[in-house]
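Participant: Got a file for you: coords-v3.pdb, PDB, C-alpha atoms.
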```pdb
MODEL        1
ATOM      1  CA  MET A   1      -3.978   9.842   6.420
ATOM      2  CA  SER A   2      -0.947  11.980   7.017
ATOM      3  CA  GLU A   3      -1.413  15.174   5.064
ATOM      4  CA  ASN A   4       1.974  14.772   3.347
ATOM      5  CA  VAL A   5       0.945  11.424   1.772
ATOM      6  CA  SER A   6      -1.047  11.808  -1.404
ATOM      7  CA  ILE A   7      -2.536   8.787  -3.132
ATOM      8  CA  PRO A   8      -3.428   9.583  -6.728
ATOM      9  CA  GLU A   9      -7.131   9.380  -7.520
ATOM     10  CA  ALA A  10      -8.429   6.758  -9.926
ATOM     11  CA  PRO A  11     -12.249   7.042  -9.920
ATOM     12  CA  VAL A  12     -12.857   4.309 -12.503
ATOM     13  CA  ASN A  13     -15.187   1.310 -12.454
ATOM     14  CA  GLU A  14     -12.426  -1.062 -13.603
ATOM     15  CA  PRO A  15     -10.126  -3.067 -11.295
ATOM     16  CA  VAL A  16      -7.079  -1.176 -10.015
ATOM     17  CA  THR A  17      -3.922  -1.997  -8.100
ATOM     18  CA  MET A  18      -2.387   0.372  -5.604
ATOM     19  CA  ILE A  19       1.379  -0.075  -5.461
ATOM     20  CA  ASN A  20       3.295   1.676  -2.724
ATOM     21  CA  ALA A  21       7.075   1.597  -2.321
ATOM     22  CA  PHE A  22       8.454   2.516   1.094
ATOM     23  CA  THR A  23      11.840   3.836   2.109
ATOM     24  CA  VAL A  24      12.353   2.503   5.646
ATOM     25  CA  PRO A  25      15.632   2.522   7.599
ATOM     26  CA  ALA A  26      16.820  -1.065   8.200
ATOM     27  CA  ALA A  27      16.686  -0.657  11.985
ATOM     28  CA  GLU A  28      12.988   0.338  11.740
ATOM     29  CA  ALA A  29      11.843  -2.492   9.456
ATOM     30  CA  ASP A  30      10.206  -4.612  12.172
ATOM     31  CA  ARG A  31       8.367  -1.609  13.632
ATOM     32  CA  PHE A  32       7.143  -0.672  10.162
ATOM     33  CA  LEU A  33       5.813  -4.199   9.542
ATOM     34  CA  GLU A  34       4.044  -4.218  12.909
ATOM     35  CA  LEU A  35       2.243  -0.947  12.140
ATOM     36  CA  TRP A  36       1.560  -1.884   8.539
ATOM     37  CA  ARG A  37      -0.198  -5.087   9.666
ATOM     38  CA  HIS A  38      -2.721  -2.909  11.521
ATOM     39  CA  ASN A  39      -3.127  -0.765   8.423
ATOM     40  CA  ALA A  40      -3.624  -3.866   6.255
ATOM     41  CA  ALA A  41      -6.347  -5.146   8.610
ATOM     42  CA  ALA A  42      -8.206  -1.826   8.308
ATOM     43  CA  MET A  43      -7.781  -1.909   4.525
ATOM     44  CA  ALA A  44      -8.988  -5.529   4.281
ATOM     45  CA  ALA A  45     -12.246  -4.577   6.015
ATOM     46  CA  GLN A  46     -13.177  -2.195   3.187
ATOM     47  CA  PRO A  47     -15.794  -3.065   0.540
ATOM     48  CA  GLY A  48     -14.145  -3.747  -2.800
ATOM     49  CA  PHE A  49     -10.822  -4.866  -1.341
ATOM     50  CA  ILE A  50      -9.509  -8.055  -3.003
ATOM     51  CA  ARG A  51      -6.086  -8.680  -1.475
ATOM     52  CA  THR A  52      -2.750  -7.162  -0.595
ATOM     53  CA  ARG A  53       0.820  -8.366  -0.435
ATOM     54  CA  MET A  54       3.854  -6.821   1.201
ATOM     55  CA  TYR A  55       7.229  -7.470  -0.386
ATOM     56  CA  ARG A  56      10.448  -7.056   1.591
ATOM     57  CA  SER A  57      13.768  -6.611  -0.209
ATOM     58  CA  LEU A  58      16.314  -9.384   0.196
ATOM     59  CA  VAL A  59      19.058  -6.818  -0.364
ATOM     60  CA  ALA A  60      20.151  -5.233   2.925
ATOM     61  CA  ASP A  61      21.358  -1.901   1.546
ATOM     62  CA  VAL A  62      18.395  -0.821  -0.555
ATOM     63  CA  GLU A  63      16.395   2.392  -0.725
ATOM     64  CA  LEU A  64      12.956   0.841  -1.312
ATOM     65  CA  ARG A  65      12.899  -1.749   1.476
ATOM     66  CA  PHE A  66       9.182  -2.604   1.194
ATOM     67  CA  ILE A  67       6.669  -2.631  -1.658
ATOM     68  CA  THR A  68       2.956  -3.243  -1.264
ATOM     69  CA  HIS A  69       0.558  -4.432  -3.914
ATOM     70  CA  ALA A  70      -3.171  -4.033  -3.116
ATOM     71  CA  GLU A  71      -5.892  -5.101  -5.540
ATOM     72  CA  TRP A  72      -9.331  -3.474  -5.619
ATOM     73  CA  VAL A  73     -12.487  -4.304  -7.577
ATOM     74  CA  SER A  74     -12.478  -0.738  -8.894
ATOM     75  CA  GLY A  75     -10.839   2.631  -8.545
ATOM     76  CA  LYS A  76     -14.125   3.924  -7.133
ATOM     77  CA  ALA A  77     -14.041   1.277  -4.378
ATOM     78  CA  LEU A  78     -10.514   2.395  -3.474
ATOM     79  CA  GLU A  79     -11.621   6.040  -3.468
ATOM     80  CA  GLN A  80     -14.494   5.213  -1.097
ATOM     81  CA  ALA A  81     -12.252   3.107   1.153
ATOM     82  CA  ARG A  82      -9.809   5.989   1.506
ATOM     83  CA  THR A  83     -12.528   7.976   3.297
ATOM     84  CA  ASP A  84     -12.934   5.343   6.057
ATOM     85  CA  PRO A  85     -11.978   6.873   9.435
ATOM     86  CA  GLN A  86     -10.429   3.642  10.771
ATOM     87  CA  TRP A  87      -8.197   3.180   7.751
ATOM     88  CA  ARG A  88      -7.177   6.833   7.806
ATOM     89  CA  ALA A  89      -6.382   6.648  11.538
ATOM     90  CA  SER A  90      -4.301   3.517  10.993
ATOM     91  CA  MET A  91      -2.267   5.218   8.260
ATOM     92  CA  ARG A  92      -1.877   8.322  10.403
ATOM     93  CA  ARG A  93      -0.497   6.257  13.317
ATOM     94  CA  MET A  94       2.065   4.664  11.039
ATOM     95  CA  MET A  95       3.129   7.829   9.241
ATOM     96  CA  ASP A  96       3.199   9.998  12.375
ATOM     97  CA  ASP A  97       5.070   7.507  14.597
ATOM     98  CA  PRO A  98       8.103   9.420  15.952
ATOM     99  CA  ASP A  99      10.206   6.224  15.975
ATOM    100  CA  LEU A 100       9.508   5.461  12.334
ATOM    101  CA  HIS A 101      11.019   7.378   9.428
ATOM    102  CA  VAL A 102       9.078   6.193   6.382
ATOM    103  CA  THR A 103       8.787   7.733   2.948
ATOM    104  CA  PRO A 104       5.903   6.262   0.899
ATOM    105  CA  ARG A 105       5.580   6.483  -2.883
ATOM    106  CA  PRO A 106       2.004   5.433  -3.731
ATOM    107  CA  GLY A 107       0.510   5.019  -7.159
ATOM    108  CA  VAL A 108      -2.694   3.539  -8.600
ATOM    109  CA  TYR A 109      -2.439   1.364 -11.710
ATOM    110  CA  GLU A 110      -4.543  -0.675 -14.095
ATOM    111  CA  VAL A 111      -3.420  -3.897 -15.762
ATOM    112  CA  ALA A 112      -1.814  -3.088 -19.106
ATOM    113  CA  LEU A 113      -0.486  -6.572 -19.864
ATOM    114  CA  ASP A 114      -1.007  -9.967 -18.190
ATOM    115  CA  VAL A 115       1.346 -12.749 -19.304
ATOM    116  CA  ARG A 116       1.046 -16.313 -18.048
ATOM    117  CA  PRO A 117       2.984 -19.496 -18.852
ATOM    118  CA  GLY A 118       2.327 -20.484 -22.449
ATOM    119  CA  ASP A 119       1.015 -17.048 -23.461
ATOM    120  CA  ARG A 120       2.436 -15.185 -26.415
ATOM    121  CA  PRO A 121       2.538 -11.520 -25.397
TER     122      PRO A 121
ENDMDL
END
```
For this file, produce the structure as structure tokens.

Facilitator:
Amino acid sequence: MSENVSIPEAPVNEPVTMINAFTVPAAEADRFLELWRHNAAAMAAQPGFIRTRMYRSLVADVELRFITHAEWVSGKALEQARTDPQWRASMRRMMDDPDLHVTPRPGVYEVALDVRPGDRP
């Protein structure tokens, strides 16, 4: 992974979600998605990976154009996955692409509240 991207550690046995918000220039959005698909494929091959979603802003003039949401069976599974050479190489290709000017803001979270229809939070 690019040395300037730091994903916080969360070495716990409980489920975690990695949320990453990306600043991407509008003209580079399609290139970013193309490279991120390769990264998502490498991530999906990791033990403990549950699923990921990429959200794209519907507002044209926005700083955080994309947000990802990746669920893992545990923080420890995510920690182990981050050491995979293929996943690291995929991230490096995306972050080091000279035609792509991306700023990621990753964080690892646990569920603090889960509200569904009919629930009383």

Participant: On this structure, which residues satisfy the PyMOL selection byres ((chain A and resi 20) around 9), written as a list in words?

Facilitator: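 On this input, the PyMOL selection byres ((chain A and resi 20) around 9) captures Met18, Ile19, Ala21, Phe22, Phe66, Ile67, Thr68, His69, Ala70, Pro104, Arg105, Pro106, Gly107 and Val108 of chain A.
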
Participant: From (-5.6, -1.9, -12.3), in the file's coordinates, out to 9 Å: which residues are reached, counting only C-alpha atoms? Answer as a compact mmCIF listing (two decimals) with C-alpha atoms, in the frame of the given file.

Facilitator:
```txt
# COMPACT_ATOMS: atom_id res chain seq x y z
CA GLU A 14 -12.43 -1.06 -13.60
CA PRO A 15 -10.13 -3.07 -11.30
CA VAL A 16 -7.08 -1.18 -10.02
CA THR A 17 -3.92 -2.00 -8.10
CA MET A 18 -2.39 0.37 -5.60
CA GLU A 71 -5.89 -5.10 -5.54
CA TRP A 72 -9.33 -3.47 -5.62
CA VAL A 73 -12.49 -4.30 -7.58
CA SER A 74 -12.48 -0.74 -8.89
CA GLY A 75 -10.84 2.63 -8.54
CA VAL A 108 -2.69 3.54 -8.60
CA TYR A 109 -2.44 1.36 -11.71
CA GLU A 110 -4.54 -0.68 -14.10
CA VAL A 111 -3.42 -3.90 -15.76
CA ALA A 112 -1.81 -3.09 -19.11
```

Participant: Tell me which residues the PyMOL selection byres ((chain A and resi 90) around 9) grabs here, as number ranges by chain.

Facilitator: A: 1, 35-36, 38-40, 42, 85-89, 91-95

Participant: For region 50-56 of chain A, what centre and edge lengths in Å (one decimal) does the axis-aligned box get once 5 Å is added on each side of all its listed atoms, as lines of an AutoDock Vina configuration file?

Facilitator:
```
center_x = 0.5
center_y = -7.8
center_z = -0.7
size_x = 30.0
size_y = 11.9
size_z = 14.6
```

Participant: What separation in Å, quoted to one decimal, exists between CA of Ala10 (chain A) and CA of Tyr55 (chain A)?

Facilitator: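 Between CA of Ala10 (chain A) and CA of Tyr55 (chain A) the gap is 23.2 Å.
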
Participant: What's the separation between CA of Pro11 (chain A) and CA of Met54 (chain A), in Å to one decimal place?

Facilitator: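 Straight-line distance from CA of Pro11 (chain A) to CA of Met54 (chain A) works out to 24.0 Å.
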
Participant: So what do you get for CA of Leu33 (chain A) versus CA of Arg56 (chain A), distance-wise?

Facilitator: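 So the answer is 9.6 Å.
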
Participant: Could you tell me which of A:Asp84, A:Glu79, A:Asp114, A:Asp99 comes closest to Phe32 (chain A) if we count all atoms listed in the file?

Facilitator: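 Checking each candidate against Phe32 (chain A), we get A:Asp99 as the closest.
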
Participant: Nearest to Ala27 (chain A): which of A:Met43, A:Ile50, A:Val12, A:Val102 is it, counting only C-alpha atoms?

Facilitator: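 Counting only C-alpha atoms, the residue closest to Ala27 (chain A) is A:Val102.
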
Participant: Smallest atom-to-atom distance to Glu28 (chain A): which of A:Asp119, A:Arg51, A:Leu113, A:Pro98, using only C-alpha atoms?

Facilitator: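 Answer, going by the shortest atom-to-atom distance: A:Pro98.
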
Participant: Choose the residue, out of A:Leu78, A:Arg116, A:Asn13, A:Leu100, that has the smallest atom-to-atom separation from Gln46 (chain A); count all atoms listed in the file.

Facilitator: A:Leu78

Participant: Closest to Val59 (chain A) among A:Ala26, A:Lys76, A:Arg37, A:Ala81, using all atoms listed in the file?

Facilitator: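 Distance minimum relative to Val59 (chain A) lands on A:Ala26.
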
Participant: Counting only C-alpha atoms, figure out which residue out of A:Arg31, A:Pro25, A:Glu63, A:Ser57 gets nearest to Asp97 (chain A).

Facilitator: A:Arg31
